[in-house]
>>> print(open('run.cif').read())   # mmCIF, C-alpha atoms
data_work
#
loop_
_atom_site.group_PDB
_atom_site.id
_atom_site.type_symbol
_atom_site.label_atom_id
_atom_site.label_comp_id
_atom_site.auth_asym_id
_atom_site.auth_seq_id
_atom_site.Cartn_x
_atom_site.Cartn_y
_atom_site.Cartn_z
ATOM 1 C CA MET V 749 27.975 15.024 -31.475
ATOM 2 C CA ALA V 750 31.359 15.081 -33.156
ATOM 3 C CA ALA V 751 34.147 17.050 -31.508
ATOM 4 C CA SER V 752 34.898 18.827 -34.776
ATOM 5 C CA SER V 753 31.351 20.121 -35.171
ATOM 6 C CA SER V 754 31.327 23.823 -36.014
ATOM 7 C CA THR V 755 27.917 24.337 -34.376
ATOM 8 C CA PRO V 756 28.004 22.754 -30.928
ATOM 9 C CA GLU V 757 24.733 22.313 -29.050
ATOM 10 C CA PRO V 758 25.615 23.212 -25.462
ATOM 11 C CA HIS V 759 21.998 23.224 -24.267
ATOM 12 C CA ASN V 760 21.383 19.721 -25.544
ATOM 13 C CA SER V 761 24.689 18.402 -24.237
ATOM 14 C CA TYR V 762 23.998 19.917 -20.793
ATOM 15 C CA LEU V 763 20.557 18.299 -20.766
ATOM 16 C CA LEU V 764 21.995 14.987 -21.926
ATOM 17 C CA ARG V 765 24.650 15.025 -19.176
ATOM 18 C CA ALA V 766 22.101 15.971 -16.514
ATOM 19 C CA CYS V 767 19.602 13.337 -17.642
ATOM 20 C CA ASN V 768 22.287 10.648 -17.702
ATOM 21 C CA SER V 769 22.415 10.937 -13.903
ATOM 22 C CA THR V 770 18.704 10.067 -13.541
ATOM 23 C CA THR V 771 17.024 6.690 -13.196
ATOM 24 C CA TYR V 772 15.299 7.031 -16.570
ATOM 25 C CA PRO V 773 17.706 9.044 -18.752
ATOM 26 C CA GLN V 774 15.862 8.600 -22.052
ATOM 27 C CA ILE V 775 12.535 9.666 -20.543
ATOM 28 C CA CYS V 776 14.279 12.622 -18.889
ATOM 29 C CA TYR V 777 15.870 13.800 -22.113
ATOM 30 C CA LYS V 778 12.749 13.276 -24.218
ATOM 31 C CA SER V 779 10.487 15.055 -21.712
ATOM 32 C CA LEU V 780 12.786 18.069 -21.315
ATOM 33 C CA PHE V 781 14.299 18.399 -24.801
ATOM 34 C CA SER V 782 11.855 21.081 -25.954
ATOM 35 C CA TYR V 783 12.905 23.251 -22.971
ATOM 36 C CA ALA V 784 16.677 22.842 -23.495
ATOM 37 C CA SER V 785 17.305 26.361 -24.797
ATOM 38 C CA THR V 786 15.289 27.885 -21.939
ATOM 39 C CA ILE V 787 16.992 25.694 -19.350
ATOM 40 C CA ASN V 788 20.353 26.577 -20.881
ATOM 41 C CA SER V 789 22.823 25.251 -18.295
ATOM 42 C CA ASN V 790 20.817 26.327 -15.255
ATOM 43 C CA PRO V 791 20.290 23.435 -12.807
ATOM 44 C CA GLN V 792 17.468 25.216 -10.973
ATOM 45 C CA LYS V 793 15.553 25.793 -14.227
ATOM 46 C CA LEU V 794 16.188 22.165 -15.157
ATOM 47 C CA CYS V 795 14.619 21.032 -11.883
ATOM 48 C CA SER V 796 11.697 23.436 -12.311
ATOM 49 C CA TYR V 797 10.920 22.105 -15.769
ATOM 50 C CA ALA V 798 11.338 18.499 -14.621
ATOM 51 C CA LEU V 799 8.808 19.125 -11.838
ATOM 52 C CA SER V 800 6.433 20.905 -14.229
ATOM 53 C CA VAL V 801 6.581 17.993 -16.671
ATOM 54 C CA ALA V 802 5.797 15.548 -13.832
ATOM 55 C CA LEU V 803 2.899 17.771 -12.718
ATOM 56 C CA LYS V 804 1.506 17.867 -16.253
ATOM 57 C CA ALA V 805 1.700 14.060 -16.422
ATOM 58 C CA ALA V 806 -0.126 13.814 -13.087
ATOM 59 C CA ARG V 807 -2.893 16.091 -14.359
ATOM 60 C CA ASN V 808 -3.189 13.993 -17.538
ATOM 61 C CA ALA V 809 -3.325 10.818 -15.439
ATOM 62 C CA SER V 810 -6.051 12.328 -13.276
ATOM 63 C CA SER V 811 -8.105 13.056 -16.380
ATOM 64 C CA THR V 812 -7.550 9.543 -17.752
ATOM 65 C CA VAL V 813 -8.441 7.807 -14.498
ATOM 66 C CA THR V 814 -11.466 10.059 -13.910
ATOM 67 C CA LYS V 815 -12.779 9.123 -17.374
ATOM 68 C CA LEU V 816 -12.239 5.456 -16.543
ATOM 69 C CA SER V 817 -14.183 5.858 -13.305
ATOM 70 C CA LYS V 818 -17.232 6.919 -15.327
ATOM 71 C CA ARG V 819 -17.035 3.932 -17.636
ATOM 72 C CA ASN V 820 -20.061 1.664 -17.597
ATOM 73 C CA GLY V 821 -19.490 -1.921 -16.537
ATOM 74 C CA LEU V 822 -16.998 -1.399 -13.705
ATOM 75 C CA THR V 823 -17.586 -3.805 -10.854
ATOM 76 C CA HIS V 824 -18.155 -2.335 -7.399
ATOM 77 C CA SER V 825 -14.639 -3.289 -6.291
ATOM 78 C CA GLU V 826 -13.101 -1.861 -9.477
ATOM 79 C CA ALA V 827 -14.967 1.402 -8.942
ATOM 80 C CA LEU V 828 -13.658 1.628 -5.361
ATOM 81 C CA VAL V 829 -10.053 0.984 -6.398
ATOM 82 C CA VAL V 830 -10.294 3.534 -9.204
ATOM 83 C CA LYS V 831 -11.825 6.078 -6.800
ATOM 84 C CA ASP V 832 -8.961 5.543 -4.320
ATOM 85 C CA CYS V 833 -6.476 5.920 -7.158
ATOM 86 C CA ILE V 834 -8.050 9.236 -8.183
ATOM 87 C CA GLU V 835 -7.609 10.499 -4.608
ATOM 88 C CA ASN V 836 -3.964 9.400 -4.614
ATOM 89 C CA ILE V 837 -3.338 11.143 -7.937
ATOM 90 C CA ARG V 838 -4.954 14.325 -6.611
ATOM 91 C CA ASP V 839 -2.626 14.194 -3.596
ATOM 92 C CA SER V 840 0.292 13.681 -5.967
ATOM 93 C CA ILE V 841 -0.812 16.716 -7.993
ATOM 94 C CA ASP V 842 -0.985 18.857 -4.845
ATOM 95 C CA GLU V 843 2.496 17.785 -3.763
ATOM 96 C CA LEU V 844 3.968 18.401 -7.189
ATOM 97 C CA LYS V 845 2.279 21.843 -7.304
ATOM 98 C CA GLN V 846 3.905 22.715 -3.976
ATOM 99 C CA SER V 847 7.249 21.522 -5.345
ATOM 100 C CA VAL V 848 6.954 23.606 -8.528
ATOM 101 C CA SER V 849 6.029 26.690 -6.511
ATOM 102 C CA ALA V 850 8.845 26.198 -4.000
ATOM 103 C CA MET V 851 11.404 25.562 -6.747
ATOM 104 C CA SER V 852 10.423 28.790 -8.518
ATOM 105 C CA ASN V 853 10.904 30.706 -5.260
ATOM 106 C CA LEU V 854 14.078 28.913 -4.210
ATOM 107 C CA GLY V 855 16.670 31.182 -2.701
ATOM 108 C CA GLY V 856 17.864 32.945 0.384
ATOM 109 C CA ALA V 857 19.523 31.756 3.553
ATOM 110 C CA ASN V 858 17.265 28.746 4.133
ATOM 111 C CA MET V 859 17.787 27.106 0.757
ATOM 112 C CA GLU V 860 18.680 23.697 2.244
ATOM 113 C CA TYR V 861 15.430 23.732 4.201
ATOM 114 C CA GLN V 862 13.476 24.685 1.065
ATOM 115 C CA LEU V 863 15.134 21.886 -0.924
ATOM 116 C CA GLY V 864 14.302 19.474 1.890
ATOM 117 C CA ASP V 865 10.628 20.418 1.600
ATOM 118 C CA ILE V 866 10.712 19.981 -2.169
ATOM 119 C CA LYS V 867 12.320 16.542 -1.856
ATOM 120 C CA THR V 868 9.727 15.546 0.738
ATOM 121 C CA TRP V 869 6.838 16.605 -1.514
ATOM 122 C CA VAL V 870 8.219 14.796 -4.565
ATOM 123 C CA SER V 871 8.849 11.669 -2.459
ATOM 124 C CA ALA V 872 5.282 11.879 -1.147
ATOM 125 C CA ALA V 873 3.992 12.146 -4.729
ATOM 126 C CA LEU V 874 5.922 8.974 -5.592
ATOM 127 C CA THR V 875 4.411 7.239 -2.563
ATOM 128 C CA ASP V 876 0.920 8.285 -3.688
ATOM 129 C CA ASP V 877 1.614 6.796 -7.123
ATOM 130 C CA ASP V 878 2.727 3.524 -5.506
ATOM 131 C CA THR V 879 -0.345 3.484 -3.262
ATOM 132 C CA CYS V 880 -2.599 3.865 -6.286
ATOM 133 C CA MET V 881 -1.027 0.849 -7.972
ATOM 134 C CA GLU V 882 -1.047 -1.263 -4.792
ATOM 135 C CA GLY V 883 -4.838 -1.053 -4.777
ATOM 136 C CA PHE V 884 -4.862 -3.139 -7.945
ATOM 137 C CA ASP V 885 -2.931 -5.931 -6.209
ATOM 138 C CA GLU V 886 -5.656 -6.296 -3.592
ATOM 139 C CA VAL V 887 -8.707 -6.428 -5.877
ATOM 140 C CA LYS V 888 -9.450 -8.249 -9.106
ATOM 141 C CA VAL V 889 -9.575 -5.566 -11.775
ATOM 142 C CA SER V 890 -10.021 -6.032 -15.506
ATOM 143 C CA LEU V 891 -6.786 -5.973 -17.442
ATOM 144 C CA ASP V 892 -7.778 -3.029 -19.650
ATOM 145 C CA VAL V 893 -8.644 -0.843 -16.619
ATOM 146 C CA LYS V 894 -5.452 -1.839 -14.815
ATOM 147 C CA ASN V 895 -3.273 -1.290 -17.907
ATOM 148 C CA ALA V 896 -4.748 2.125 -18.701
ATOM 149 C CA ILE V 897 -4.194 3.357 -15.157
ATOM 150 C CA SER V 898 -0.826 1.665 -14.783
ATOM 151 C CA LYS V 899 0.531 3.339 -17.917
ATOM 152 C CA SER V 900 -0.419 6.786 -16.580
ATOM 153 C CA ILE V 901 0.884 6.138 -13.069
ATOM 154 C CA VAL V 902 4.176 4.675 -14.263
ATOM 155 C CA ASN V 903 4.677 7.770 -16.420
ATOM 156 C CA ILE V 904 4.143 10.114 -13.437
ATOM 157 C CA ALA V 905 6.399 8.013 -11.230
ATOM 158 C CA ARG V 906 9.246 7.956 -13.747
ATOM 159 C CA LEU V 907 9.057 11.697 -14.382
ATOM 160 C CA ALA V 908 8.849 12.457 -10.649
ATOM 161 C CA SER V 909 11.729 10.082 -9.949
ATOM 162 C CA ASN V 910 13.837 11.876 -12.551
ATOM 163 C CA ALA V 911 12.896 15.266 -11.069
ATOM 164 C CA LEU V 912 13.893 14.045 -7.604
ATOM 165 C CA SER V 913 17.200 12.769 -8.952
ATOM 166 C CA LEU V 914 17.918 16.142 -10.576
ATOM 167 C CA ILE V 915 16.948 17.967 -7.365
ATOM 168 C CA ASN V 916 19.215 15.677 -5.346
ATOM 169 C CA SER V 917 22.122 16.677 -7.583
ATOM 170 C CA LEU V 918 21.654 20.425 -6.952
ATOM 171 C CA ASN V 919 24.661 21.942 -5.200
ATOM 172 C CA TYR V 920 24.015 24.910 -2.948
#
>>> encode(input="run.cif", output="structure tokens")
Amino acid sequence: MAASSSTPEPHNSYLLRACNSTTYPQICYKSLFSYASTINSNPQKLCSYALSVALKAARNASSTVTKLSKRNGLTHSEALVVKDCIENIRDSIDELKQSVSAMSNLGGANMEYQLGDIKTWVSAALTDDDTCMEGFDEVKVSLDVKNAISKSIVNIARLASNALSLINSLNY
């Protein structure tokens, strides 16, 4: 944006600055751009939307992996790995739900404690995502099954990582 612009975009520039501090700035900006005017320059809203976007990705991944689990032709070991992955994604969804809820109710004297809980839940969601993918290292799984699941899990992990980074930068 040029300095001489007569119509500055403060919401977008705030989002751009905030996302530049994350591990995946382009993904951050792209995933939150449509909420920029609602976020305004509010760091708590930014974190809430970042968590909500990660939760939505986790729900989409759960749907994708559940569909894959019903595919004909999976070997027994593939089916077991996919089933474990579904459980890990469900755990991730639960942890992200708790984070979204806690972020929307953030306030009061014990804010540091609340933020600590949120960080713990998001970190646990990231661990669940890693655990899902580790299952594919232990068992021979067809490339198309592994790639479909990996794409979904990597998306959740990147969005959750960005949310955690934004939460870590909150100053209270």
>>> resolve_selection(input="run.cif", expression="the PyMOL selection byres ((chain V and resi 822) around 12)", output="count of residues only")
23
>>> atom_distance(input="run.cif", atom1="CA of Ser847 (chain V)", atom2="CA of Arg906 (chain V)")
16.1 Å
>>> resolve_selection(input="run.cif", expression="the PyMOL selection byres ((chain V and resi 867) around 10)", output="JSON, numbers by chain")
{"V": [847, 861, 862, 863, 864, 865, 866, 868, 869, 870, 871, 872, 873, 911, 912, 913, 915, 916]}
>>> resolve_selection(input="run.cif", expression="the PyMOL selection byres ((chain V and resi 841) around 10)", output="count of residues only")
24
>>> closest_residue(input="run.cif", among="V:Ser800, V:Asn788, V:Gly883, V:Met851", to="Asp832 (chain V)", atoms="all atoms listed in the file")
V:Gly883
>>> residues_around(input="run.cif", residues="region 765-773 of chain V", least_positions_apart="3", cutoff="7 Å", atoms="all atoms listed in the file", output="MDAnalysis selection string")
chainID V and resid 761:762 776:777 906 910 913:914
>>> write_last_selection(input="run.cif", atoms="C-alpha atoms", output="PDB file, keeping the file's coordinate frame")
ATOM      1  CA  SER V 761      24.689  18.402 -24.237  1.00  0.00           C
ATOM      2  CA  TYR V 762      23.998  19.917 -20.793  1.00  0.00           C
ATOM      3  CA  CYS V 776      14.279  12.622 -18.889  1.00  0.00           C
ATOM      4  CA  TYR V 777      15.870  13.800 -22.113  1.00  0.00           C
ATOM      5  CA  ARG V 906       9.246   7.956 -13.747  1.00  0.00           C
ATOM      6  CA  ASN V 910      13.837  11.876 -12.551  1.00  0.00           C
ATOM      7  CA  SER V 913      17.200  12.769  -8.952  1.00  0.00           C
ATOM      8  CA  LEU V 914      17.918  16.142 -10.576  1.00  0.00           C
TER       9      LEU V 914
END
>>> closest_residue(input="run.cif", among="V:Leu764, V:Asp878, V:Leu918, V:Val813", to="Ser779 (chain V)", atoms="all atoms listed in the file")
V:Leu764
>>> atom_distance(input="run.cif", atom1="CA of Lys778 (chain V)", atom2="CA of Ala798 (chain V)")
11.0 Å
>>> closest_residue(input="run.cif", among="V:Leu907, V:Met859, V:Cys833, V:Tyr783", to="Glu882 (chain V)", atoms="all atoms listed in the file")
V:Cys833
>>> closest_residue(input="run.cif", among="V:Ala784, V:Met881, V:Val848, V:Ile834", to="Val902 (chain V)", atoms="only C-alpha atoms")
V:Met881
>>> atom_distance(input="run.cif", atom1="CA of Cys880 (chain V)", atom2="CA of Ser811 (chain V)")
14.7 Å
>>> closest_residue(input="run.cif", among="V:Gln774, V:Glu860, V:Ser900, V:Tyr797", to="Asn919 (chain V)", atoms="all atoms listed in the file")
V:Glu860
>>> closest_residue(input="run.cif", among="V:Ser796, V:Thr812, V:Ser782, V:Asn858", to="Ser898 (chain V)", atoms="all atoms listed in the file")
V:Thr812
>>> axis_aligned_box(input="run.cif", around="region 776-793 of chain V", padding_each_side="5 Å", output="JSON")
{"center_x": 16.7, "center_y": 20.3, "center_z": -18.5, "size_x": 22.3, "size_y": 25.3, "size_z": 25.0}
>>> build_atoms(input="run.cif", residues="region 836-871 of chain V", atoms="N, CA and C atoms", output="PDB file, in the frame of the given file")
ATOM      1  N   ASN V 836      -5.423   9.428  -4.704  1.00  0.00           N
ATOM      2  CA  ASN V 836      -3.964   9.400  -4.614  1.00  0.00           C
ATOM      3  C   ASN V 836      -3.325  10.301  -5.670  1.00  0.00           C
ATOM      4  N   ILE V 837      -3.877  10.287  -6.868  1.00  0.00           N
ATOM      5  CA  ILE V 837      -3.338  11.143  -7.937  1.00  0.00           C
ATOM      6  C   ILE V 837      -3.546  12.614  -7.582  1.00  0.00           C
ATOM      7  N   ARG V 838      -4.705  12.934  -7.015  1.00  0.00           N
ATOM      8  CA  ARG V 838      -4.954  14.325  -6.611  1.00  0.00           C
ATOM      9  C   ARG V 838      -3.949  14.775  -5.549  1.00  0.00           C
ATOM     10  N   ASP V 839      -3.651  13.882  -4.605  1.00  0.00           N
ATOM     11  CA  ASP V 839      -2.626  14.194  -3.596  1.00  0.00           C
ATOM     12  C   ASP V 839      -1.280  14.418  -4.276  1.00  0.00           C
ATOM     13  N   SER V 840      -0.961  13.563  -5.223  1.00  0.00           N
ATOM     14  CA  SER V 840       0.292  13.681  -5.967  1.00  0.00           C
ATOM     15  C   SER V 840       0.357  15.028  -6.697  1.00  0.00           C
ATOM     16  N   ILE V 841      -0.747  15.425  -7.307  1.00  0.00           N
ATOM     17  CA  ILE V 841      -0.812  16.716  -7.993  1.00  0.00           C
ATOM     18  C   ILE V 841      -0.546  17.856  -7.010  1.00  0.00           C
ATOM     19  N   ASP V 842      -1.184  17.802  -5.852  1.00  0.00           N
ATOM     20  CA  ASP V 842      -0.985  18.857  -4.845  1.00  0.00           C
ATOM     21  C   ASP V 842       0.479  18.946  -4.417  1.00  0.00           C
ATOM     22  N   GLU V 843       1.095  17.798  -4.194  1.00  0.00           N
ATOM     23  CA  GLU V 843       2.496  17.785  -3.763  1.00  0.00           C
ATOM     24  C   GLU V 843       3.433  18.286  -4.861  1.00  0.00           C
ATOM     25  N   LEU V 844       3.144  17.911  -6.083  1.00  0.00           N
ATOM     26  CA  LEU V 844       3.968  18.401  -7.189  1.00  0.00           C
ATOM     27  C   LEU V 844       3.770  19.897  -7.409  1.00  0.00           C
ATOM     28  N   LYS V 845       2.531  20.399  -7.215  1.00  0.00           N
ATOM     29  CA  LYS V 845       2.279  21.843  -7.304  1.00  0.00           C
ATOM     30  C   LYS V 845       3.111  22.590  -6.267  1.00  0.00           C
ATOM     31  N   GLN V 846       3.115  22.082  -5.040  1.00  0.00           N
ATOM     32  CA  GLN V 846       3.905  22.715  -3.976  1.00  0.00           C
ATOM     33  C   GLN V 846       5.388  22.721  -4.351  1.00  0.00           C
ATOM     34  N   SER V 847       5.842  21.632  -4.944  1.00  0.00           N
ATOM     35  CA  SER V 847       7.249  21.522  -5.345  1.00  0.00           C
ATOM     36  C   SER V 847       7.593  22.533  -6.426  1.00  0.00           C
ATOM     37  N   VAL V 848       6.730  22.652  -7.434  1.00  0.00           N
ATOM     38  CA  VAL V 848       6.954  23.606  -8.528  1.00  0.00           C
ATOM     39  C   VAL V 848       7.013  25.027  -7.964  1.00  0.00           C
ATOM     40  N   SER V 849       6.077  25.353  -7.099  1.00  0.00           N
ATOM     41  CA  SER V 849       6.029  26.690  -6.511  1.00  0.00           C
ATOM     42  C   SER V 849       7.288  26.968  -5.681  1.00  0.00           C
ATOM     43  N   ALA V 850       7.665  26.017  -4.847  1.00  0.00           N
ATOM     44  CA  ALA V 850       8.845  26.198  -4.000  1.00  0.00           C
ATOM     45  C   ALA V 850      10.119  26.304  -4.839  1.00  0.00           C
ATOM     46  N   MET V 851      10.207  25.516  -5.897  1.00  0.00           N
ATOM     47  CA  MET V 851      11.404  25.562  -6.747  1.00  0.00           C
ATOM     48  C   MET V 851      11.512  26.922  -7.440  1.00  0.00           C
ATOM     49  N   SER V 852      10.380  27.493  -7.833  1.00  0.00           N
ATOM     50  CA  SER V 852      10.423  28.790  -8.518  1.00  0.00           C
ATOM     51  C   SER V 852      10.764  29.919  -7.552  1.00  0.00           C
ATOM     52  N   ASN V 853      10.586  29.688  -6.268  1.00  0.00           N
ATOM     53  CA  ASN V 853      10.904  30.706  -5.260  1.00  0.00           C
ATOM     54  C   ASN V 853      12.148  30.354  -4.446  1.00  0.00           C
ATOM     55  N   LEU V 854      12.908  29.390  -4.936  1.00  0.00           N
ATOM     56  CA  LEU V 854      14.078  28.913  -4.210  1.00  0.00           C
ATOM     57  C   LEU V 854      15.131  30.009  -4.093  1.00  0.00           C
ATOM     58  N   GLY V 855      15.616  30.194  -2.902  1.00  0.00           N
ATOM     59  CA  GLY V 855      16.670  31.182  -2.701  1.00  0.00           C
ATOM     60  C   GLY V 855      16.728  31.631  -1.259  1.00  0.00           C
ATOM     61  N   GLY V 856      17.729  32.409  -0.957  1.00  0.00           N
ATOM     62  CA  GLY V 856      17.864  32.945   0.384  1.00  0.00           C
ATOM     63  C   GLY V 856      18.687  32.061   1.300  1.00  0.00           C
ATOM     64  N   ALA V 857      18.672  32.423   2.565  1.00  0.00           N
ATOM     65  CA  ALA V 857      19.523  31.756   3.553  1.00  0.00           C
ATOM     66  C   ALA V 857      19.062  30.338   3.884  1.00  0.00           C
ATOM     67  N   ASN V 858      17.775  30.068   3.737  1.00  0.00           N
ATOM     68  CA  ASN V 858      17.265  28.746   4.133  1.00  0.00           C
ATOM     69  C   ASN V 858      17.032  27.814   2.945  1.00  0.00           C
ATOM     70  N   MET V 859      17.935  27.886   1.985  1.00  0.00           N
ATOM     71  CA  MET V 859      17.787  27.106   0.757  1.00  0.00           C
ATOM     72  C   MET V 859      17.789  25.594   1.025  1.00  0.00           C
ATOM     73  N   GLU V 860      18.640  25.132   1.931  1.00  0.00           N
ATOM     74  CA  GLU V 860      18.680  23.697   2.244  1.00  0.00           C
ATOM     75  C   GLU V 860      17.339  23.232   2.802  1.00  0.00           C
ATOM     76  N   TYR V 861      16.742  24.050   3.634  1.00  0.00           N
ATOM     77  CA  TYR V 861      15.430  23.732   4.201  1.00  0.00           C
ATOM     78  C   TYR V 861      14.378  23.671   3.090  1.00  0.00           C
ATOM     79  N   GLN V 862      14.416  24.651   2.189  1.00  0.00           N
ATOM     80  CA  GLN V 862      13.476  24.685   1.065  1.00  0.00           C
ATOM     81  C   GLN V 862      13.640  23.437   0.186  1.00  0.00           C
ATOM     82  N   LEU V 863      14.881  23.083  -0.112  1.00  0.00           N
ATOM     83  CA  LEU V 863      15.134  21.886  -0.924  1.00  0.00           C
ATOM     84  C   LEU V 863      14.646  20.634  -0.202  1.00  0.00           C
ATOM     85  N   GLY V 864      14.799  20.609   1.107  1.00  0.00           N
ATOM     86  CA  GLY V 864      14.302  19.474   1.890  1.00  0.00           C
ATOM     87  C   GLY V 864      12.796  19.322   1.746  1.00  0.00           C
ATOM     88  N   ASP V 865      12.081  20.455   1.794  1.00  0.00           N
ATOM     89  CA  ASP V 865      10.628  20.418   1.600  1.00  0.00           C
ATOM     90  C   ASP V 865      10.276  19.894   0.206  1.00  0.00           C
ATOM     91  N   ILE V 866      10.981  20.400  -0.794  1.00  0.00           N
ATOM     92  CA  ILE V 866      10.712  19.981  -2.169  1.00  0.00           C
ATOM     93  C   ILE V 866      10.932  18.476  -2.310  1.00  0.00           C
ATOM     94  N   LYS V 867      12.031  17.980  -1.787  1.00  0.00           N
ATOM     95  CA  LYS V 867      12.320  16.542  -1.856  1.00  0.00           C
ATOM     96  C   LYS V 867      11.246  15.732  -1.140  1.00  0.00           C
ATOM     97  N   THR V 868      10.787  16.237  -0.014  1.00  0.00           N
ATOM     98  CA  THR V 868       9.727  15.546   0.738  1.00  0.00           C
ATOM     99  C   THR V 868       8.445  15.473  -0.081  1.00  0.00           C
ATOM    100  N   TRP V 869       8.070  16.589  -0.716  1.00  0.00           N
ATOM    101  CA  TRP V 869       6.838  16.605  -1.514  1.00  0.00           C
ATOM    102  C   TRP V 869       6.939  15.672  -2.721  1.00  0.00           C
ATOM    103  N   VAL V 870       8.064  15.674  -3.396  1.00  0.00           N
ATOM    104  CA  VAL V 870       8.219  14.796  -4.565  1.00  0.00           C
ATOM    105  C   VAL V 870       8.212  13.335  -4.112  1.00  0.00           C
ATOM    106  N   SER V 871       8.862  13.039  -2.997  1.00  0.00           N
ATOM    107  CA  SER V 871       8.849  11.669  -2.459  1.00  0.00           C
ATOM    108  C   SER V 871       7.433  11.247  -2.081  1.00  0.00           C
TER     109      SER V 871
END
